[in-house]
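Coordinates as given in run-v9.cif (mmCIF, N, CA and C atoms):
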data_my_file
#
loop_
_atom_site.label_atom_id
_atom_site.label_comp_id
_atom_site.auth_asym_id
_atom_site.auth_seq_id
_atom_site.Cartn_x
_atom_site.Cartn_y
_atom_site.Cartn_z
N MET A 651 264.39 85.81 186.00
CA MET A 651 264.86 86.82 186.94
C MET A 651 265.87 86.23 187.92
N THR A 652 265.76 84.96 188.26
CA THR A 652 266.66 84.41 189.27
C THR A 652 268.12 84.49 188.84
N LYS A 653 268.39 84.45 187.55
CA LYS A 653 269.78 84.53 187.09
C LYS A 653 270.33 85.95 187.15
N ASP A 654 269.45 86.93 187.27
CA ASP A 654 269.88 88.33 187.32
C ASP A 654 270.23 88.80 188.73
N ILE A 655 269.86 88.02 189.73
CA ILE A 655 270.04 88.46 191.11
C ILE A 655 271.25 87.76 191.71
N PRO A 656 272.30 88.51 192.02
CA PRO A 656 273.52 87.90 192.56
C PRO A 656 273.32 87.38 193.98
N TYR A 657 274.11 86.38 194.33
CA TYR A 657 274.08 85.91 195.71
C TYR A 657 275.50 85.94 196.26
N ASN A 658 275.85 87.05 196.85
CA ASN A 658 277.12 87.17 197.57
C ASN A 658 276.76 87.79 198.90
N LYS A 659 276.51 86.96 199.87
CA LYS A 659 275.95 87.39 201.16
C LYS A 659 276.76 88.51 201.80
N PRO A 660 276.19 89.71 201.90
CA PRO A 660 276.90 90.82 202.53
C PRO A 660 276.95 90.65 204.04
N SER A 661 277.83 91.40 204.69
CA SER A 661 278.06 91.22 206.13
C SER A 661 276.85 91.57 206.98
N PHE A 662 275.93 92.42 206.50
CA PHE A 662 274.78 92.80 207.30
C PHE A 662 273.63 91.81 207.21
N LEU A 663 273.68 90.89 206.26
CA LEU A 663 272.59 89.95 206.05
C LEU A 663 272.85 88.70 206.88
N HIS A 664 271.99 88.46 207.88
CA HIS A 664 272.20 87.33 208.76
C HIS A 664 271.53 86.05 208.24
N TRP A 665 270.33 86.19 207.70
CA TRP A 665 269.58 85.01 207.27
C TRP A 665 268.57 85.40 206.21
N GLU A 666 268.37 84.53 205.23
CA GLU A 666 267.33 84.73 204.22
C GLU A 666 266.55 83.44 204.07
N GLY A 667 265.23 83.57 203.96
CA GLY A 667 264.40 82.39 203.77
C GLY A 667 264.72 81.67 202.48
N HIS A 668 264.89 82.41 201.41
CA HIS A 668 265.22 81.85 200.10
C HIS A 668 265.76 83.00 199.26
N PRO A 669 267.05 82.99 198.92
CA PRO A 669 267.66 84.13 198.22
C PRO A 669 266.92 84.55 196.95
N THR A 670 266.38 83.59 196.20
CA THR A 670 265.69 83.94 194.97
C THR A 670 264.39 84.68 195.25
N ASN A 671 263.66 84.26 196.28
CA ASN A 671 262.36 84.85 196.57
C ASN A 671 262.41 86.06 197.49
N SER A 672 263.54 86.29 198.14
CA SER A 672 263.60 87.41 199.09
C SER A 672 264.27 88.63 198.48
N ARG A 673 264.54 88.59 197.19
CA ARG A 673 265.21 89.69 196.52
C ARG A 673 264.41 90.16 195.32
N ALA A 674 264.63 91.39 194.94
CA ALA A 674 264.05 91.92 193.71
C ALA A 674 265.05 92.90 193.11
N VAL A 675 265.02 93.05 191.80
CA VAL A 675 265.86 94.03 191.13
C VAL A 675 265.05 95.32 191.04
N LEU A 676 265.55 96.39 191.69
CA LEU A 676 264.85 97.66 191.75
C LEU A 676 265.63 98.76 191.03
N THR A 677 264.93 99.77 190.55
CA THR A 677 265.55 100.87 189.82
C THR A 677 265.90 102.01 190.77
N ALA A 678 267.13 102.50 190.64
CA ALA A 678 267.61 103.58 191.51
C ALA A 678 267.15 104.94 191.01
N GLY A 679 266.38 105.64 191.83
CA GLY A 679 265.98 107.01 191.52
C GLY A 679 267.13 107.96 191.81
N GLU A 680 268.01 107.51 192.68
CA GLU A 680 269.21 108.26 193.07
C GLU A 680 270.25 107.20 193.40
N ALA A 681 271.52 107.48 193.17
CA ALA A 681 272.58 106.50 193.43
C ALA A 681 272.53 106.02 194.88
N PHE A 682 272.79 104.74 195.08
CA PHE A 682 272.89 104.21 196.44
C PHE A 682 273.97 103.15 196.52
N LYS A 683 274.36 102.84 197.76
CA LYS A 683 275.43 101.88 198.01
C LYS A 683 274.89 100.65 198.71
N THR A 684 275.65 99.58 198.66
CA THR A 684 275.30 98.34 199.35
C THR A 684 275.05 98.62 200.82
N GLY A 685 273.97 98.07 201.35
CA GLY A 685 273.67 98.21 202.77
C GLY A 685 272.87 99.43 203.13
N GLU A 686 272.48 100.25 202.16
CA GLU A 686 271.68 101.43 202.48
C GLU A 686 270.20 101.07 202.54
N LEU A 687 269.49 101.78 203.42
CA LEU A 687 268.03 101.65 203.51
C LEU A 687 267.43 102.48 202.39
N LEU A 688 266.53 101.89 201.64
CA LEU A 688 265.93 102.56 200.49
C LEU A 688 264.44 102.78 200.70
N VAL A 689 263.95 103.89 200.21
CA VAL A 689 262.51 104.16 200.21
C VAL A 689 262.08 104.44 198.78
N PHE A 690 260.84 104.10 198.48
CA PHE A 690 260.31 104.35 197.15
C PHE A 690 259.81 105.79 197.07
N THR A 691 260.22 106.51 196.04
CA THR A 691 259.79 107.90 195.83
C THR A 691 259.26 108.02 194.40
N ALA A 692 258.86 109.21 194.03
CA ALA A 692 258.36 109.45 192.68
C ALA A 692 259.44 109.18 191.63
N LYS A 693 260.72 109.29 192.02
CA LYS A 693 261.82 109.07 191.08
C LYS A 693 262.31 107.63 191.05
N GLY A 694 261.90 106.84 192.01
CA GLY A 694 262.39 105.47 192.13
C GLY A 694 262.90 105.24 193.55
N TYR A 695 263.78 104.27 193.74
CA TYR A 695 264.29 103.98 195.09
C TYR A 695 265.49 104.85 195.40
N GLU A 696 265.46 105.46 196.60
CA GLU A 696 266.52 106.36 197.04
C GLU A 696 266.91 106.04 198.47
N PRO A 697 268.15 106.38 198.86
CA PRO A 697 268.54 106.19 200.27
C PRO A 697 267.64 107.03 201.17
N TYR A 698 267.28 106.49 202.31
CA TYR A 698 266.47 107.23 203.28
C TYR A 698 267.31 108.35 203.88
N LYS A 699 266.76 109.55 203.90
CA LYS A 699 267.52 110.72 204.37
C LYS A 699 267.02 111.26 205.71
N GLY A 700 266.20 110.50 206.41
CA GLY A 700 265.75 110.95 207.71
C GLY A 700 264.52 111.83 207.66
N THR A 701 263.81 111.81 206.55
CA THR A 701 262.56 112.56 206.45
C THR A 701 261.39 111.59 206.44
N ALA A 702 260.19 112.11 206.52
CA ALA A 702 259.00 111.25 206.56
C ALA A 702 258.88 110.43 205.28
N LEU A 703 258.30 109.25 205.40
CA LEU A 703 258.06 108.42 204.23
C LEU A 703 257.06 109.10 203.31
N THR A 704 257.36 109.11 202.03
CA THR A 704 256.42 109.66 201.05
C THR A 704 255.97 108.57 200.09
N ALA A 705 256.32 107.36 200.37
CA ALA A 705 256.06 106.25 199.46
C ALA A 705 254.57 105.92 199.37
N ASP A 706 254.17 105.50 198.20
CA ASP A 706 252.81 105.02 197.97
C ASP A 706 252.93 103.59 197.47
N ALA A 707 252.59 102.63 198.33
CA ALA A 707 252.77 101.22 197.99
C ALA A 707 252.01 100.82 196.73
N ALA A 708 250.90 101.49 196.44
CA ALA A 708 250.11 101.15 195.26
C ALA A 708 250.88 101.44 193.97
N LYS A 709 251.82 102.39 194.03
CA LYS A 709 252.58 102.76 192.83
C LYS A 709 253.96 102.09 192.78
N ALA A 710 254.35 101.43 193.86
CA ALA A 710 255.68 100.83 193.93
C ALA A 710 255.70 99.48 193.23
N PRO A 711 256.81 99.15 192.57
CA PRO A 711 256.93 97.84 191.95
C PRO A 711 256.75 96.73 192.99
N GLN A 712 255.92 95.78 192.72
CA GLN A 712 255.68 94.64 193.62
C GLN A 712 255.19 95.09 194.99
N GLY A 713 254.72 96.33 195.12
CA GLY A 713 254.23 96.81 196.41
C GLY A 713 255.30 97.08 197.43
N VAL A 714 256.57 97.11 197.00
CA VAL A 714 257.70 97.32 197.92
C VAL A 714 257.92 98.81 198.12
N ILE A 715 257.83 99.27 199.35
CA ILE A 715 258.09 100.70 199.61
C ILE A 715 259.37 100.93 200.39
N VAL A 716 259.90 99.91 201.05
CA VAL A 716 261.21 100.02 201.68
C VAL A 716 262.02 98.78 201.30
N ALA A 717 263.32 98.95 201.18
CA ALA A 717 264.20 97.85 200.78
C ALA A 717 265.59 98.11 201.34
N ILE A 718 266.45 97.12 201.21
CA ILE A 718 267.85 97.25 201.60
C ILE A 718 268.70 96.84 200.41
N ALA A 719 269.61 97.72 199.99
CA ALA A 719 270.43 97.47 198.81
C ALA A 719 271.44 96.37 199.05
N LEU A 720 271.53 95.44 198.11
CA LEU A 720 272.51 94.36 198.17
C LEU A 720 273.72 94.64 197.29
N GLU A 721 273.64 95.71 196.51
CA GLU A 721 274.76 96.11 195.67
C GLU A 721 274.62 97.60 195.35
N ASP A 722 275.71 98.20 194.89
CA ASP A 722 275.69 99.61 194.52
C ASP A 722 274.89 99.81 193.24
N ALA A 723 274.32 101.00 193.08
CA ALA A 723 273.62 101.35 191.84
C ALA A 723 273.79 102.83 191.55
N ALA A 724 274.00 103.16 190.29
CA ALA A 724 274.04 104.55 189.86
C ALA A 724 272.61 105.01 189.62
N LYS A 725 272.40 106.31 189.58
CA LYS A 725 271.07 106.85 189.30
C LYS A 725 270.55 106.26 187.99
N GLY A 726 269.33 105.74 188.04
CA GLY A 726 268.73 105.13 186.86
C GLY A 726 269.13 103.68 186.64
N GLY A 727 270.12 103.21 187.41
CA GLY A 727 270.57 101.83 187.28
C GLY A 727 269.68 100.87 188.04
N LYS A 728 269.97 99.60 187.93
CA LYS A 728 269.20 98.58 188.62
C LYS A 728 270.11 97.82 189.57
N ALA A 729 269.54 97.39 190.71
CA ALA A 729 270.33 96.66 191.69
C ALA A 729 269.45 95.67 192.45
N ALA A 730 270.06 94.58 192.87
CA ALA A 730 269.35 93.61 193.70
C ALA A 730 269.18 94.18 195.10
N CYS A 731 268.00 93.98 195.68
CA CYS A 731 267.69 94.49 197.02
C CYS A 731 266.92 93.44 197.80
N ILE A 732 267.05 93.46 199.12
CA ILE A 732 266.24 92.61 199.98
C ILE A 732 264.87 93.26 200.08
N VAL A 733 263.83 92.49 199.85
CA VAL A 733 262.48 93.03 199.96
C VAL A 733 261.58 92.22 200.87
N ARG A 734 261.96 91.02 201.28
CA ARG A 734 261.11 90.22 202.17
C ARG A 734 261.88 89.02 202.72
N VAL A 735 261.34 88.45 203.79
CA VAL A 735 261.80 87.21 204.41
C VAL A 735 263.31 87.18 204.63
N ALA A 736 263.77 88.05 205.52
CA ALA A 736 265.20 88.10 205.82
C ALA A 736 265.42 88.66 207.21
N THR A 737 266.57 88.34 207.78
CA THR A 737 267.00 88.93 209.05
C THR A 737 268.26 89.73 208.77
N VAL A 738 268.21 91.01 209.12
CA VAL A 738 269.28 91.94 208.82
C VAL A 738 269.82 92.53 210.11
N MET A 739 271.15 92.63 210.21
CA MET A 739 271.77 93.24 211.38
C MET A 739 271.82 94.74 211.15
N LYS A 740 270.91 95.45 211.81
CA LYS A 740 270.73 96.87 211.54
C LYS A 740 271.95 97.72 211.89
N ASP A 741 272.74 97.29 212.86
CA ASP A 741 273.91 98.09 213.22
C ASP A 741 275.04 97.93 212.20
N LYS A 742 274.89 97.04 211.23
CA LYS A 742 275.91 96.87 210.21
C LYS A 742 275.50 97.45 208.87
N LEU A 743 274.31 98.06 208.80
CA LEU A 743 273.89 98.71 207.57
C LEU A 743 274.70 99.98 207.34
N THR A 744 274.90 100.35 206.09
CA THR A 744 275.69 101.52 205.73
C THR A 744 275.12 102.80 206.34
N GLY A 745 275.91 103.48 207.15
CA GLY A 745 275.52 104.78 207.69
C GLY A 745 274.37 104.76 208.67
N VAL A 746 274.06 103.61 209.26
CA VAL A 746 272.91 103.52 210.16
C VAL A 746 273.37 103.03 211.53
N ALA A 747 273.03 103.78 212.58
CA ALA A 747 273.30 103.34 213.94
C ALA A 747 272.11 102.53 214.42
N ALA A 748 272.36 101.46 215.15
CA ALA A 748 271.27 100.60 215.62
C ALA A 748 270.24 101.37 216.43
N ASP A 749 270.69 102.35 217.22
CA ASP A 749 269.74 103.07 218.07
C ASP A 749 268.85 104.03 217.27
N ALA A 750 269.13 104.21 215.97
CA ALA A 750 268.26 105.05 215.14
C ALA A 750 266.87 104.42 214.99
N PHE A 751 266.76 103.11 215.28
CA PHE A 751 265.47 102.44 215.20
C PHE A 751 264.72 102.48 216.52
N ASP A 752 265.35 102.94 217.58
CA ASP A 752 264.67 103.03 218.88
C ASP A 752 263.56 104.07 218.82
N THR A 753 262.59 103.92 219.71
CA THR A 753 261.45 104.84 219.74
C THR A 753 261.90 106.29 219.81
N GLY A 754 261.34 107.11 218.93
CA GLY A 754 261.66 108.52 218.90
C GLY A 754 262.85 108.89 218.03
N LYS A 755 263.53 107.91 217.49
CA LYS A 755 264.68 108.17 216.63
C LYS A 755 264.23 108.25 215.16
N PRO A 756 265.07 108.74 214.25
CA PRO A 756 264.65 108.96 212.87
C PRO A 756 264.10 107.74 212.12
N LEU A 757 264.55 106.55 212.47
CA LEU A 757 264.12 105.35 211.75
C LEU A 757 263.08 104.53 212.50
N ALA A 758 262.59 105.04 213.61
CA ALA A 758 261.64 104.27 214.43
C ALA A 758 260.42 103.82 213.64
N GLY A 759 259.95 104.63 212.72
CA GLY A 759 258.76 104.29 211.95
C GLY A 759 258.96 103.19 210.93
N PHE A 760 260.20 102.83 210.66
CA PHE A 760 260.47 101.82 209.64
C PHE A 760 260.13 100.41 210.10
N ASP A 761 260.15 100.15 211.40
CA ASP A 761 259.90 98.78 211.87
C ASP A 761 258.61 98.20 211.33
N ALA A 762 257.54 98.99 211.30
CA ALA A 762 256.26 98.49 210.80
C ALA A 762 256.34 98.12 209.32
N HIS A 763 257.04 98.93 208.54
CA HIS A 763 257.15 98.64 207.11
C HIS A 763 257.99 97.38 206.86
N PHE A 764 259.07 97.23 207.59
CA PHE A 764 259.89 96.04 207.42
C PHE A 764 259.18 94.79 207.92
N SER A 765 258.47 94.88 209.04
CA SER A 765 257.80 93.68 209.56
C SER A 765 256.72 93.19 208.61
N ARG A 766 256.06 94.09 207.89
CA ARG A 766 255.06 93.67 206.90
C ARG A 766 255.70 92.87 205.77
N GLN A 767 256.96 93.15 205.49
CA GLN A 767 257.67 92.41 204.45
C GLN A 767 258.44 91.22 205.03
N GLN A 768 258.25 90.98 206.31
CA GLN A 768 258.92 89.89 207.02
C GLN A 768 260.44 90.05 207.00
N ILE A 769 260.87 91.30 207.12
CA ILE A 769 262.29 91.58 207.29
C ILE A 769 262.50 91.92 208.76
N ALA A 770 263.28 91.11 209.44
CA ALA A 770 263.55 91.34 210.86
C ALA A 770 264.84 92.14 210.97
N LEU A 771 264.78 93.25 211.70
CA LEU A 771 265.96 94.07 211.93
C LEU A 771 266.42 93.84 213.36
N VAL A 772 267.60 93.28 213.51
CA VAL A 772 268.14 92.98 214.83
C VAL A 772 269.55 93.54 214.94
N THR A 773 270.03 93.71 216.16
CA THR A 773 271.43 94.12 216.32
C THR A 773 272.30 92.88 216.13
N SER A 774 273.55 93.08 215.80
CA SER A 774 274.44 91.93 215.58
C SER A 774 274.61 91.11 216.86
N ILE A 775 274.61 91.76 218.02
CA ILE A 775 274.76 91.01 219.27
C ILE A 775 273.51 90.16 219.54
N ASP A 776 272.33 90.69 219.22
CA ASP A 776 271.10 89.91 219.38
C ASP A 776 271.07 88.74 218.41
N ALA A 777 271.57 88.94 217.21
CA ALA A 777 271.60 87.85 216.23
C ALA A 777 272.52 86.74 216.71
N GLN A 778 273.65 87.11 217.28
CA GLN A 778 274.59 86.08 217.79
C GLN A 778 273.96 85.30 218.92
N ARG A 779 273.22 85.97 219.81
CA ARG A 779 272.59 85.30 220.95
C ARG A 779 271.47 84.38 220.49
N ALA A 780 270.63 84.88 219.58
CA ALA A 780 269.42 84.14 219.19
C ALA A 780 269.70 82.99 218.25
N PHE A 781 270.75 83.06 217.47
CA PHE A 781 270.95 82.06 216.43
C PHE A 781 272.18 81.19 216.67
N LYS A 782 272.54 81.00 217.92
CA LYS A 782 273.70 80.15 218.23
C LYS A 782 273.35 78.70 218.01
#

I need this file expressed as structure tokens, please.
Amino acid sequence: MTKDIPYNKPSFLHWEGHPTNSRAVLTAGEAFKTGELLVFTAKGYEPYKGTALTADAAKAPQGVIVAIALEDAAKGGKAACIVRVATVMKDKLTGVAADAFDTGKPLAGFDAHFSRQQIALVTSIDAQRAFK
């Protein structure tokens, strides 16, 4: 599997513990683009549309219910995604404003799911301050 997962660090990815172990190839239930937040649904992984999570971790491949796309995928296609041990600049994700993760915003509930996978979501300014 390690040969199937590309390593071309996208602009939103600040740090990865180990590129081989922090990625998985996931099947697209609906087309998605690099940098989109993905949720597991009955059809496969789809971009998050601002609705409640319907994912069931017991049915998800490798127990992954949320991920971040590292490459584009057509419906039914496969793509490498971040699934654990990474620091991502949330304000640089495709179509996502950093404040969407603030309390009461549409993505506020995602923090718990990402932290369980050891994915840290930080703003780009916080990443620059913390990792100088």

Could you spell out the hits of the PyMOL selection byres (((chain A and resi 710-720 and name CA) around 10) and name CA) on the shown file, as a ChimeraX atom specification?
/A:655-660,662-663,673-678,682-692,694-698,703-709,721-723,729-734,738,743-744,760,763-764,767,769

Name the closest residue to Asn671 (chain A) among the candidates A:Lys693, A:Gly726, A:Val735, A:Ala777; distances are taken between atoms, counting all atoms listed in the file.
A:Val735

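Distance check against His668 (chain A) using all atoms listed in the file: of A:Ala758, A:Thr773, A:Ala736, A:Gly700, the minimum falls on A:Ala736.
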
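In this model, the gap between CA of Ser672 (chain A) and CA of Phe751 (chain A) comes to 22.1 Å.
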
Interatomic distance (Å, one decimal) between CA of Asp749 (chain A) and CA of Ser774 (chain A):
12.3 Å

Hey, what does DSSP flag as strand (DSSP E) within chain A? Can you give it to me as a PyMOL selection string?
chain A and resi 663-666+673-677+687-691+694-697+716-719+728-732+736-739+769-772

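Between CA of Gly679 (chain A) and atom C of Lys725 (chain A) the interatomic distance comes to 5.8 Å.
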
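Distances to Ala770 (chain A) were evaluated for A:Met739, A:Ala724, A:Ala748, A:Ala681 using all atoms listed in the file, and the minimum falls at A:Met739.
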
Using only N, CA and C atoms, the best pick from A:Glu666, A:Arg766, A:Lys728, A:Val772 as closest to Lys742 (chain A) would be A:Val772
